file start-v6.cif (mmCIF, C-alpha atoms and all ligand atoms)
data_model
#
loop_
_atom_site.label_atom_id
_atom_site.label_comp_id
_atom_site.auth_asym_id
_atom_site.auth_seq_id
_atom_site.Cartn_x
_atom_site.Cartn_y
_atom_site.Cartn_z
CA MET K 1 0.00 0.00 0.00
CA GLU K 2 1.33 3.44 -0.83
CA LEU K 3 1.93 5.98 1.89
CA LYS K 4 -0.84 8.20 0.56
CA GLN K 5 -3.33 5.35 0.74
CA ILE K 6 -2.42 4.86 4.39
CA VAL K 7 -3.03 8.56 4.97
CA THR K 8 -6.44 8.26 3.30
CA GLY K 9 -7.40 5.63 5.85
CA PHE K 10 -7.05 8.31 8.53
CA THR K 11 -8.01 11.56 6.78
CA GLY K 12 -10.15 10.46 3.83
CA THR K 13 -8.00 12.33 1.29
CA GLU K 14 -4.94 11.60 -0.82
CA ASN K 15 -4.42 15.29 -1.52
CA CYS K 16 -1.41 15.62 0.73
CA THR K 17 2.37 15.75 0.90
CA VAL K 18 4.18 13.12 2.94
CA SER K 19 7.80 13.70 3.96
CA PRO K 20 10.07 11.60 6.21
CA ILE K 21 11.24 12.83 9.60
CA THR K 22 14.33 11.19 11.10
CA ASN K 23 14.22 11.42 14.86
CA GLY K 24 14.56 8.04 16.53
CA LEU K 25 16.13 4.66 16.20
CA ILE K 26 13.03 2.46 16.15
CA ASN K 27 9.86 3.65 14.35
CA THR K 28 9.55 5.28 10.91
CA THR K 29 8.01 8.74 11.00
CA TYR K 30 6.50 11.07 8.38
CA LEU K 31 5.02 14.55 8.33
CA VAL K 32 1.72 14.71 6.46
CA GLU K 33 0.46 18.02 5.09
CA ASP K 34 -3.20 17.69 4.17
CA HIS K 35 -3.89 20.17 1.36
CA ASP K 36 -7.70 19.92 1.70
CA SER K 37 -7.93 20.89 5.38
CA THR K 38 -4.46 22.55 5.56
CA GLU K 39 -3.94 20.49 8.73
CA LYS K 40 -0.67 18.70 9.48
CA PHE K 41 -0.26 15.25 11.03
CA ILE K 42 2.45 12.85 12.10
CA LEU K 43 2.21 9.43 10.49
CA GLN K 44 4.19 6.57 11.99
CA LYS K 45 4.89 2.99 11.04
CA VAL K 46 5.30 1.10 14.29
CA ASN K 47 8.29 -1.23 14.39
CA THR K 48 6.47 -4.43 15.30
CA ARG K 49 9.72 -6.34 15.80
CA VAL K 50 10.22 -4.05 18.80
CA PHE K 51 6.56 -3.48 19.71
CA PRO K 52 4.88 -6.84 19.12
CA PHE K 53 1.50 -5.58 20.43
CA PRO K 54 0.83 -2.18 18.84
CA GLU K 55 -2.67 -2.05 20.30
CA ILE K 56 -1.15 -1.94 23.81
CA ILE K 57 0.69 1.27 22.99
CA SER K 58 -2.53 2.87 21.74
CA GLN K 59 -4.46 1.84 24.86
CA ASN K 60 -1.69 3.10 27.14
CA HIS K 61 -1.50 6.38 25.23
CA ILE K 62 -5.20 6.99 25.72
CA LEU K 63 -5.07 6.18 29.45
CA ILE K 64 -2.08 8.46 29.96
CA ASN K 65 -3.61 11.32 27.96
CA ARG K 66 -6.77 11.05 30.07
CA MET K 67 -4.74 11.34 33.27
CA LEU K 68 -2.81 14.31 31.93
CA GLU K 69 -6.02 16.02 30.81
CA ASP K 70 -7.67 15.49 34.19
CA GLY K 71 -4.55 16.41 36.16
CA ASP K 72 -2.68 19.61 36.89
CA TYR K 73 -0.59 19.42 33.74
CA PRO K 74 0.14 22.57 31.74
CA LEU K 75 2.01 21.01 28.80
CA GLN K 76 0.34 20.06 25.52
CA LEU K 77 -0.77 16.54 24.62
CA VAL K 78 -0.09 14.65 21.44
CA LYS K 79 -3.46 13.24 20.38
CA PRO K 80 -3.77 10.00 18.43
CA LYS K 81 -6.12 10.30 15.45
CA GLU K 82 -8.70 7.64 14.69
CA THR K 83 -8.94 5.95 11.30
CA LEU K 84 -12.17 6.50 9.33
CA SER K 85 -13.38 3.21 10.80
CA GLY K 86 -12.70 4.34 14.35
CA ASN K 87 -9.44 2.58 15.28
CA PHE K 88 -6.21 4.09 16.54
CA MET K 89 -4.02 1.65 14.60
CA MET K 90 -4.31 0.66 10.96
CA THR K 91 -2.87 -2.55 9.57
CA ASP K 92 -1.85 -2.58 5.90
CA GLU K 93 -1.84 -5.61 3.59
CA ASN K 94 1.75 -6.43 4.62
CA GLY K 95 0.71 -6.62 8.25
CA GLU K 96 2.47 -3.31 9.10
CA SER K 97 0.87 -1.17 11.82
CA TRP K 98 0.35 2.56 11.27
CA ARG K 99 -0.91 5.36 13.50
CA MET K 100 -1.41 9.07 13.16
CA PHE K 101 -1.13 11.98 15.59
CA GLY K 102 -2.17 15.60 15.57
CA PHE K 103 0.79 17.88 14.80
CA ILE K 104 1.83 20.57 17.25
CA GLU K 105 2.85 23.69 15.29
CA ASP K 106 5.98 25.79 15.76
CA THR K 107 8.06 23.31 17.69
CA LYS K 108 11.61 22.10 17.58
CA THR K 109 13.48 19.13 19.03
CA TYR K 110 17.05 18.73 20.19
CA PHE K 111 19.39 15.79 19.81
CA LYS K 112 21.51 17.23 22.61
CA ILE K 113 20.71 19.58 25.48
CA PRO K 114 21.91 23.03 24.34
CA ASP K 115 22.31 24.73 27.75
CA LEU K 116 21.62 24.47 31.48
CA LYS K 117 18.32 26.31 31.34
CA THR K 118 16.94 23.87 28.78
CA ALA K 119 18.25 20.97 30.88
CA TYR K 120 16.43 22.29 33.93
CA GLU K 121 13.16 23.05 32.14
CA SER K 122 13.15 19.67 30.38
CA ALA K 123 13.82 17.69 33.55
CA LYS K 124 11.08 19.72 35.27
CA ALA K 125 8.68 18.85 32.44
CA VAL K 126 9.42 15.13 32.74
CA GLY K 127 9.07 15.35 36.54
CA ARG K 128 5.72 17.06 36.16
CA PHE K 129 4.60 14.43 33.65
CA LEU K 130 5.59 11.62 36.04
CA ASN K 131 3.97 13.31 39.00
CA THR K 132 0.68 13.69 37.11
CA VAL K 133 0.51 10.10 35.84
CA ASN K 134 1.24 8.61 39.28
CA PRO K 135 -1.83 8.99 41.48
CA ASP K 136 -2.17 6.66 44.50
CA LEU K 137 -4.07 4.08 42.49
CA LEU K 138 -2.38 3.23 39.19
CA PRO K 139 -4.52 2.58 36.08
CA ASP K 140 -4.20 -0.60 34.08
CA ILE K 141 -1.06 0.15 32.06
CA GLN K 142 0.32 -2.89 30.27
CA ALA K 143 3.93 -3.55 29.28
CA PRO K 144 4.30 -2.58 25.59
CA ILE K 145 7.64 -4.42 25.19
CA PRO K 146 8.07 -7.59 27.21
CA ASP K 147 11.11 -7.35 29.53
CA PHE K 148 12.04 -3.86 28.35
CA ILE K 149 13.29 -2.86 31.80
CA ASN K 150 14.24 -6.33 32.95
CA PHE K 151 17.96 -5.90 33.64
CA GLU K 152 18.42 -9.55 34.47
CA LYS K 153 17.26 -10.38 30.95
CA ARG K 154 19.44 -7.63 29.44
CA VAL K 155 22.51 -9.12 31.12
CA LEU K 156 21.55 -12.66 30.06
CA ASP K 157 21.02 -11.50 26.47
CA TYR K 158 24.47 -9.91 26.58
CA GLN K 159 26.03 -13.10 27.90
CA THR K 160 24.31 -15.14 25.21
CA SER K 161 25.60 -12.75 22.55
CA LEU K 162 29.13 -13.25 23.89
CA GLN K 163 28.77 -16.97 23.37
CA GLN K 164 27.26 -16.71 19.89
CA ALA K 165 29.08 -13.79 18.27
CA ASN K 166 31.66 -14.38 15.56
CA GLU K 167 35.36 -14.03 16.32
CA ASP K 168 35.82 -10.76 14.43
CA LEU K 169 33.10 -8.97 16.31
CA LEU K 170 34.41 -10.27 19.63
CA LYS K 171 37.91 -9.09 18.74
CA ASN K 172 36.73 -5.62 17.69
CA ALA K 173 34.81 -5.23 20.93
CA ALA K 174 37.39 -6.84 23.26
CA GLN K 175 38.09 -3.68 25.25
CA GLU K 176 34.42 -2.79 25.67
CA ILE K 177 33.61 -6.37 26.73
CA GLU K 178 36.31 -6.19 29.38
CA THR K 179 34.97 -2.90 30.77
CA MET K 180 31.41 -4.20 30.71
CA ASN K 181 32.33 -7.35 32.60
CA LYS K 182 34.18 -5.38 35.27
CA LEU K 183 31.11 -3.23 35.92
CA LEU K 184 28.59 -6.05 36.08
CA PHE K 185 28.02 -5.31 39.77
CA LEU K 186 25.98 -2.28 38.70
CA PRO K 187 22.97 -4.18 37.25
CA GLU K 188 23.39 -6.93 39.85
CA LYS K 189 22.57 -4.49 42.65
CA TRP K 190 19.49 -3.23 40.72
CA ILE K 191 18.27 -6.81 40.15
CA LYS K 192 18.64 -7.52 43.88
CA MET K 193 16.81 -4.33 44.89
CA GLU K 194 13.90 -5.30 42.63
CA LYS K 195 13.80 -8.83 44.00
CA ASP K 196 13.78 -7.43 47.53
CA HIS K 197 10.88 -5.10 46.57
CA LEU K 198 12.88 -2.03 47.52
CA LEU K 199 11.80 -0.06 44.45
CA PRO K 200 8.13 1.06 44.35
CA LYS K 201 6.20 0.35 41.15
CA ARG K 202 5.26 3.52 39.33
CA ILE K 203 4.18 4.56 35.87
CA ILE K 204 7.27 5.63 33.98
CA HIS K 205 7.84 7.14 30.55
CA GLY K 206 10.49 4.57 29.59
CA ASP K 207 12.30 6.78 27.05
CA PRO K 208 12.57 10.31 28.51
CA ASN K 209 15.37 11.04 26.09
CA VAL K 210 15.92 14.69 25.13
CA ARG K 211 14.66 13.78 21.63
CA ASN K 212 11.26 13.11 23.19
CA ILE K 213 10.52 16.66 24.24
CA LEU K 214 9.01 19.24 21.92
CA PHE K 215 10.15 22.81 22.55
CA ASP K 216 8.70 26.11 21.45
CA LYS K 217 10.77 28.69 19.57
CA THR K 218 12.14 30.07 22.84
CA SER K 219 13.25 26.58 23.96
CA ARG K 220 10.52 26.14 26.54
CA PRO K 221 9.22 22.55 26.72
CA LEU K 222 5.80 22.30 25.08
CA ALA K 223 5.13 18.57 25.23
CA VAL K 224 6.58 15.29 26.46
CA ILE K 225 6.14 12.94 23.50
CA ASP K 226 6.60 9.31 22.46
CA LEU K 227 4.53 7.47 25.03
CA ASP K 228 5.20 4.10 23.38
CA THR K 229 7.41 2.82 26.16
CA VAL K 230 5.20 3.96 29.07
CA THR K 231 5.08 1.07 31.50
CA VAL K 232 5.04 0.18 35.20
CA SER K 233 8.52 -0.05 36.68
CA THR K 234 10.85 1.91 38.92
CA ILE K 235 11.04 5.68 38.44
CA LEU K 236 14.81 5.33 38.83
CA TYR K 237 14.88 4.17 35.22
CA ASP K 238 13.47 7.46 33.98
CA PHE K 239 15.83 9.50 36.10
CA GLY K 240 18.75 7.41 34.86
CA ASP K 241 17.77 7.66 31.21
CA MET K 242 17.26 11.40 31.46
CA ALA K 243 20.63 11.83 33.11
CA ARG K 244 22.12 9.57 30.44
CA SER K 245 20.79 11.45 27.46
CA TYR K 246 20.97 15.01 28.85
CA THR K 247 24.51 14.96 30.23
CA ASN K 248 26.08 13.66 27.01
CA ILE K 249 27.54 16.70 25.28
CA LEU K 250 28.45 14.69 22.19
CA ASP K 251 26.36 12.68 19.73
CA GLU K 252 25.41 9.25 21.00
CA ASP K 253 26.91 7.96 17.73
CA ASN K 254 30.35 9.41 18.38
CA GLY K 255 32.73 6.57 19.17
CA ASP K 256 35.71 8.90 19.63
CA ALA K 257 34.00 10.63 22.52
CA ASP K 258 36.38 11.89 25.13
CA ASN K 259 35.04 13.58 28.27
CA ASN K 260 31.46 13.61 26.99
CA PHE K 261 29.89 13.84 30.47
CA ASN K 262 28.81 17.28 31.70
CA PRO K 263 28.60 17.44 35.54
CA GLN K 264 26.79 20.77 35.64
CA ILE K 265 24.02 19.36 33.47
CA TYR K 266 23.86 16.36 35.78
CA ARG K 267 23.25 18.51 38.87
CA THR K 268 20.71 20.58 36.95
CA VAL K 269 18.80 17.53 35.73
CA LYS K 270 18.54 16.28 39.29
CA ASP K 271 17.18 19.61 40.54
CA GLY K 272 14.64 19.84 37.72
CA PHE K 273 13.52 16.23 38.10
CA LEU K 274 12.99 16.60 41.85
CA LEU K 275 11.06 19.87 41.73
CA TYR K 276 7.68 18.13 41.39
CA LEU K 277 8.68 14.67 42.60
CA LYS K 278 10.67 15.14 45.77
CA GLN K 279 7.64 14.76 48.05
CA LYS K 280 6.47 11.66 46.24
CA LEU K 281 9.70 9.66 46.16
CA THR K 282 10.74 7.32 48.95
CA TYR K 283 14.01 7.64 50.80
CA GLY K 284 15.25 4.53 48.95
CA GLU K 285 14.53 6.16 45.59
CA LEU K 286 16.12 9.48 46.51
CA GLU K 287 19.17 7.75 47.88
CA ASN K 288 19.71 5.76 44.69
CA LEU K 289 19.50 8.48 42.03
CA ASP K 290 23.27 8.61 41.45
CA TYR K 291 23.45 4.85 41.38
CA ALA K 292 20.53 4.68 38.91
CA ALA K 293 22.17 7.10 36.49
CA GLN K 294 25.26 4.86 36.34
CA THR K 295 23.25 1.70 35.92
CA VAL K 296 20.97 2.99 33.17
CA ILE K 297 24.01 4.20 31.20
CA TYR K 298 25.57 0.78 31.75
CA ILE K 299 22.43 -0.97 30.49
CA GLN K 300 22.28 1.24 27.41
CA ALA K 301 25.91 0.35 26.69
CA VAL K 302 25.06 -3.34 27.14
CA ARG K 303 22.10 -3.01 24.76
CA PHE K 304 24.23 -1.40 22.04
CA LEU K 305 27.02 -3.95 22.54
CA THR K 306 24.62 -6.92 22.53
CA ASP K 307 23.08 -5.66 19.30
CA TYR K 308 26.55 -5.22 17.79
CA LEU K 309 27.54 -8.76 18.73
CA ASN K 310 24.24 -10.09 17.36
CA GLY K 311 24.87 -8.48 13.97
CA SER K 312 22.93 -5.20 14.56
CA THR K 313 19.32 -6.23 14.11
CA TYR K 314 17.59 -4.02 16.72
CA TYR K 315 18.83 -0.45 16.36
CA SER K 316 18.94 1.12 12.93
CA THR K 317 22.58 1.46 11.88
CA LYS K 318 24.36 3.23 9.04
CA TYR K 319 27.65 1.33 9.09
CA ALA K 320 29.05 -1.93 10.48
CA GLU K 321 30.64 -0.47 13.64
CA HIS K 322 27.79 1.92 14.45
CA ASN K 323 26.59 0.04 17.54
CA LEU K 324 30.17 -0.42 18.73
CA ASP K 325 30.72 3.35 18.46
CA ARG K 326 27.53 3.90 20.46
CA THR K 327 28.81 1.45 23.08
CA LYS K 328 32.14 3.31 23.34
CA ASN K 329 30.26 6.57 23.69
CA GLN K 330 28.12 5.27 26.56
CA LEU K 331 31.11 3.77 28.35
CA GLU K 332 32.96 7.09 28.16
CA LEU K 333 29.87 8.82 29.57
CA LEU K 334 29.73 6.29 32.40
CA LYS K 335 33.42 6.84 33.10
CA GLY K 336 32.82 10.60 33.37
CA LEU K 337 29.87 10.19 35.69
CA ARG K 338 31.70 7.73 37.93
CA LYS K 339 34.70 10.03 38.10
CA TYR K 340 32.44 12.94 39.07
CA LEU K 341 30.71 10.81 41.73
CA ARG K 342 34.15 9.67 42.96
CA VAL K 343 33.19 6.01 42.79
CA ASP K 344 35.91 5.04 40.34
C1 LIG E 1 15.61 4.03 21.31
O1 LIG E 1 13.11 5.19 19.80
P1 LIG E 1 14.18 6.06 20.35
O2 LIG E 1 15.26 6.33 19.37
O3 LIG E 1 13.66 7.26 21.09
C2 LIG E 1 15.25 2.99 22.38
C3 LIG E 1 15.59 3.53 23.75
C4 LIG E 1 17.07 3.86 23.80
C5 LIG E 1 17.41 4.86 22.68
C6 LIG E 1 18.90 5.11 22.60
C7 LIG E 1 11.94 1.21 22.14
O4 LIG E 1 14.85 5.18 21.53
O5 LIG E 1 15.29 2.54 24.73
O6 LIG E 1 17.40 4.39 25.04
O7 LIG E 1 16.99 4.34 21.40
N1 LIG E 1 13.82 2.69 22.30
C8 LIG E 1 13.41 1.40 22.26
O8 LIG E 1 19.15 6.15 21.75
O9 LIG E 1 14.18 0.44 22.31
#
call {"tool": "encode", "arguments": {"input": "start-v6.cif", "output": "structure tokens", "more": "lines below"}}
Ligand code: GN1
result
Amino acid sequence: MELKQIVTGFTGTENCTVSPITNGLINTTYLVEDHDSTEKFILQKVNTRVFPFPEIISQNHILINRMLEDGDYPLQLVKPKETLSGNFMMTDENGESWRMFGFIEDTKTYFKIPDLKTAYESAKAVGRFLNTVNPDLLPDIQAPIPDFINFEKRVLDYQTSLQQANEDLLKNAAQEIETMNKLLFLPEKWIKMEKDHLLPKRIIHGDPNVRNILFDKTSRPLAVIDLDTVTVSTILYDFGDMARSYTNILDEDNGDADNNFNPQIYRTVKDGFLLYLKQKLTYGELENLDYAAQTVIYIQAVRFLTDYLNGSTYYSTKYAEHNLDRTKNQLELLKGLRKYLRVD
């Protein structure tokens, strides 16, 4: 089915322009300009290798939007658009799943945090989002990706990849494998804390990456987007992933990264994150923020390395060593954070 035919399923017209947007490693995204209504939309093909149950992400999105609408939440919402037959997902003849969202005008995104003010405002926005979607009684949010935040499984997958990878890949990654193995105690502590029920279950965003915030022209956050990974887990994951993506002053793809960790941004992210959440978090959560930042960076490095060793089938890559470069970049970031925290 052609792209325009997919659009017709949502808008009823083929009189539109469809152009690709590259902002993410998983789904395929397009901007649709509807010439009949002059409205704009975002069209997305869901990567069903990663999200095996696309209907779960639609249901979660609707539940979360309802909570945000009913709560004290000043940011804008991205609204899923129904197909002409009243569904939020459309399946084409190849079995691909498509969805459409309303477009928020006059926005920009960043691949990297440009300055401390933006870091603070963004972390505050994510904190406010998390505070609003975590009332005392949690709604029925289902896991969109099985085992997404299961660190035990991440480590096992990594160990399996070590056993199955070909010699060349293992040789290329020898140094990174050595570092990773030395730091294995990081996820082990997390796994133990979860088993001991020390981390309260909360609704989390799951991918609070800087790429998932829309800003207005003056760099004020307008919306927290990409609710695909929303799930129930520990809020430490979101803090860790925010710290991971915000403090990196270089591209995640840069394998020659040297000193890519910015400590001032780290302190700022923590302040912004805690502004709305401090009262809600337990002592155990507050005490483990620094530890969580290290462990989430570690897990991201493990995910990139595992994918590299498996022949790069998960993350989209542009060249053979792309995932290895990403691994190096994350390990350098972790080194910087651990040096700053004086734990290395
Ligand atoms: C992916 O979809 P995107 O590019 O925002 C990944 C995240 C990683 C991130 C690393 C569903 O996020 O978990 O942290 O890449 N999303 C999924 O850049 O795996």
call {"tool": "residues_around", "arguments": {"input": "start-v6.cif", "residues": "K:Phe151", "least_positions_apart": "6", "cutoff": "10 Å", "atoms": "all atoms listed in the file", "output": "tab-separated table (two decimals) with C-alpha atoms, keeping the file's coordinate frame"}}
result
chain	number	residue	atom	x	y	z
K	157	ASP	CA	21.02	-11.50	26.47
K	187	PRO	CA	22.97	-4.18	37.25
K	188	GLU	CA	23.39	-6.93	39.85
K	190	TRP	CA	19.49	-3.23	40.72
K	191	ILE	CA	18.27	-6.81	40.15
K	194	GLU	CA	13.90	-5.30	42.63
K	295	THR	CA	23.25	1.70	35.92
K	296	VAL	CA	20.97	2.99	33.17
K	299	ILE	CA	22.43	-0.97	30.49
K	302	VAL	CA	25.06	-3.34	27.14
call {"tool": "residues_near_ligand", "arguments": {"input": "start-v6.cif", "ligand": "ligand LIG 1 (chain E)", "cutoff": "8 Å", "atoms": "only C-alpha atoms and all ligand atoms", "output": "list in words"}}
result
Asn23, Gly24, Leu25, Ile26, Asn27, Val50, Phe51, Ile145, Phe148, Gly206, Asp207, Asn209, Arg211, Asn212, Asp226, Asp228, Thr229, Asp241, Ser245, Glu252, Gln300, Tyr314 and Tyr315 of chain K
call {"tool": "write_last_selection", "arguments": {"input": "start-v6.cif", "atoms": "C-alpha atoms", "output": "compact mmCIF listing (two decimals), keeping the file's coordinate frame"}}
result
# COMPACT_ATOMS: atom_id res chain seq x y z
CA ASN K 23 14.22 11.42 14.86
CA GLY K 24 14.56 8.04 16.53
CA LEU K 25 16.13 4.66 16.20
CA ILE K 26 13.03 2.46 16.15
CA ASN K 27 9.86 3.65 14.35
CA VAL K 50 10.22 -4.05 18.80
CA PHE K 51 6.56 -3.48 19.71
CA ILE K 145 7.64 -4.42 25.19
CA PHE K 148 12.04 -3.86 28.35
CA GLY K 206 10.49 4.57 29.59
CA ASP K 207 12.30 6.78 27.05
CA ASN K 209 15.37 11.04 26.09
CA ARG K 211 14.66 13.78 21.63
CA ASN K 212 11.26 13.11 23.19
CA ASP K 226 6.60 9.31 22.46
CA ASP K 228 5.20 4.10 23.38
CA THR K 229 7.41 2.82 26.16
CA ASP K 241 17.77 7.66 31.21
CA SER K 245 20.79 11.45 27.46
CA GLU K 252 25.41 9.25 21.00
CA GLN K 300 22.28 1.24 27.41
CA TYR K 314 17.59 -4.02 16.72
CA TYR K 315 18.83 -0.45 16.36
call {"tool": "atom_distance", "arguments": {"input": "start-v6.cif", "atom1": "atom CA of K:Gly284", "atom2": "atom CA of K:Tyr237"}}
result
13.7 Å
call {"tool": "atom_distance", "arguments": {"input": "start-v6.cif", "atom1": "atom CA of K:Lys124", "atom2": "atom CA of K:Pro200"}}
result
21.0 Å
call {"tool": "closest_residue", "arguments": {"input": "start-v6.cif", "among": "K:Lys117, K:Arg326, K:His61, K:Lys45", "to": "K:Ser97", "atoms": "all atoms listed in the file"}}
result
K:Lys45
call {"tool": "closest_residue", "arguments": {"input": "start-v6.cif", "among": "K:Asp106, K:Asp140, K:Asp344, K:Asp253", "to": "K:Lys318", "atoms": "all atoms listed in the file"}}
result
K:Asp253
call {"tool": "closest_residue", "arguments": {"input": "start-v6.cif", "among": "K:Gln330, K:Gln164, K:Asn87, K:Asn47", "to": "K:Ala243", "atoms": "only C-alpha atoms"}}
result
K:Gln330
call {"tool": "axis_aligned_box", "arguments": {"input": "start-v6.cif", "around": "stretch 281-298 of chain K", "padding_each_side": "3 Å", "output": "AutoDock Vina command-line options"}}
result
--center_x 17.6 --center_y 5.2 --center_z 41.0 --size_x 21.9 --size_y 14.9 --size_z 25.6
call {"tool": "residues_near_point", "arguments": {"input": "start-v6.cif", "point": "(-12.2, 7.1, 13.9)", "cutoff": "12 Å", "atoms": "all atoms listed in the file", "output": "PyMOL selection string"}}
result
chain K and resi 9-12+80-90+99-100
call {"tool": "residues_around", "arguments": {"input": "start-v6.cif", "residues": "K:Pro146", "least_positions_apart": "2", "cutoff": "10 Å", "atoms": "only C-alpha atoms", "output": "list in words"}}
result
Val50, Phe51, Pro52, Phe53, Gln142, Ala143, Pro144, Phe148, Ile149 and Asn150 of chain K
call {"tool": "closest_residue", "arguments": {"input": "start-v6.cif", "among": "K:Thr29, K:Asn288, K:Asn181, K:Ser122", "to": "K:Leu198", "atoms": "all atoms listed in the file"}}
result
K:Asn288
call {"tool": "closest_residue", "arguments": {"input": "start-v6.cif", "among": "K:Asp307, K:Asp290, K:Arg220, K:Asp256", "to": "K:Lys328", "atoms": "only C-alpha atoms"}}
result
K:Asp256
call {"tool": "closest_atom_pairs", "arguments": {"input": "start-v6.cif", "of": "stretch 256-287 of chain K", "to": "stretch 334-343 of chain K", "cutoff": "8 Å", "atoms": "all atoms listed in the file", "output": "CSV"}}
result
residue,atom,partner,partner_atom,distance
K:Asn259,CA,K:Gly336,CA,6.3
K:Asn260,CA,K:Gly336,CA,7.2
K:Phe261,CA,K:Gly336,CA,5.2
K:Asn262,CA,K:Gly336,CA,8.0
K:Pro263,CA,K:Tyr340,CA,6.9
call {"tool": "write_last_selection", "arguments": {"input": "start-v6.cif", "atoms": "C-alpha atoms", "output": "PDB file, keeping the file's coordinate frame"}}
result
ATOM      1  CA  ASN K 259      35.040  13.580  28.270  1.00  0.00           C
ATOM      2  CA  ASN K 260      31.460  13.610  26.990  1.00  0.00           C
ATOM      3  CA  PHE K 261      29.890  13.840  30.470  1.00  0.00           C
ATOM      4  CA  ASN K 262      28.810  17.280  31.700  1.00  0.00           C
ATOM      5  CA  PRO K 263      28.600  17.440  35.540  1.00  0.00           C
TER       6      PRO K 263
END
call {"tool": "atom_distance", "arguments": {"input": "start-v6.cif", "atom1": "atom CA of K:Ile113", "atom2": "atom CA of K:Thr234"}}
result
24.3 Å
call {"tool": "residues_around", "arguments": {"input": "start-v6.cif", "residues": "K:Thr160", "least_positions_apart": "4", "cutoff": "10 Å", "atoms": "only C-alpha atoms", "output": "MDAnalysis selection string"}}
result
chainID K and resid 154:156 164:165 306 309:310
call {"tool": "build_atoms", "arguments": {"input": "start-v6.cif", "residues": "stretch 56-68 of chain K", "atoms": "N, CA and C atoms", "output": "PDB file, in the coordinates of the input"}}
result
ATOM      1  N   ILE K  56      -1.445  -2.294  22.410  1.00  0.00           N
ATOM      2  CA  ILE K  56      -1.150  -1.940  23.810  1.00  0.00           C
ATOM      3  C   ILE K  56      -0.638  -0.494  23.871  1.00  0.00           C
ATOM      4  N   ILE K  57       0.179  -0.103  22.901  1.00  0.00           N
ATOM      5  CA  ILE K  57       0.690   1.270  22.990  1.00  0.00           C
ATOM      6  C   ILE K  57      -0.428   2.285  22.771  1.00  0.00           C
ATOM      7  N   SER K  58      -1.396   1.945  21.927  1.00  0.00           N
ATOM      8  CA  SER K  58      -2.530   2.870  21.740  1.00  0.00           C
ATOM      9  C   SER K  58      -3.352   2.975  23.019  1.00  0.00           C
ATOM     10  N   GLN K  59      -3.650   1.819  23.625  1.00  0.00           N
ATOM     11  CA  GLN K  59      -4.460   1.840  24.860  1.00  0.00           C
ATOM     12  C   GLN K  59      -3.742   2.633  25.960  1.00  0.00           C
ATOM     13  N   ASN K  60      -2.450   2.378  26.115  1.00  0.00           N
ATOM     14  CA  ASN K  60      -1.690   3.100  27.140  1.00  0.00           C
ATOM     15  C   ASN K  60      -1.702   4.601  26.866  1.00  0.00           C
ATOM     16  N   HIS K  61      -1.535   4.955  25.604  1.00  0.00           N
ATOM     17  CA  HIS K  61      -1.500   6.380  25.230  1.00  0.00           C
ATOM     18  C   HIS K  61      -2.803   7.070  25.639  1.00  0.00           C
ATOM     19  N   ILE K  62      -3.896   6.384  25.399  1.00  0.00           N
ATOM     20  CA  ILE K  62      -5.200   6.990  25.720  1.00  0.00           C
ATOM     21  C   ILE K  62      -5.370   7.135  27.236  1.00  0.00           C
ATOM     22  N   LEU K  63      -4.976   6.102  27.972  1.00  0.00           N
ATOM     23  CA  LEU K  63      -5.070   6.180  29.450  1.00  0.00           C
ATOM     24  C   LEU K  63      -4.211   7.316  30.000  1.00  0.00           C
ATOM     25  N   ILE K  64      -3.002   7.423  29.467  1.00  0.00           N
ATOM     26  CA  ILE K  64      -2.080   8.460  29.960  1.00  0.00           C
ATOM     27  C   ILE K  64      -2.611   9.852  29.596  1.00  0.00           C
ATOM     28  N   ASN K  65      -3.072  10.006  28.360  1.00  0.00           N
ATOM     29  CA  ASN K  65      -3.610  11.320  27.960  1.00  0.00           C
ATOM     30  C   ASN K  65      -4.776  11.731  28.849  1.00  0.00           C
ATOM     31  N   ARG K  66      -5.609  10.749  29.213  1.00  0.00           N
ATOM     32  CA  ARG K  66      -6.770  11.050  30.070  1.00  0.00           C
ATOM     33  C   ARG K  66      -6.290  11.572  31.431  1.00  0.00           C
ATOM     34  N   MET K  67      -5.269  10.911  31.964  1.00  0.00           N
ATOM     35  CA  MET K  67      -4.740  11.340  33.270  1.00  0.00           C
ATOM     36  C   MET K  67      -4.135  12.739  33.184  1.00  0.00           C
ATOM     37  N   LEU K  68      -3.444  12.993  32.091  1.00  0.00           N
ATOM     38  CA  LEU K  68      -2.810  14.310  31.930  1.00  0.00           C
ATOM     39  C   LEU K  68      -3.872  15.392  31.779  1.00  0.00           C
TER      40      LEU K  68
END
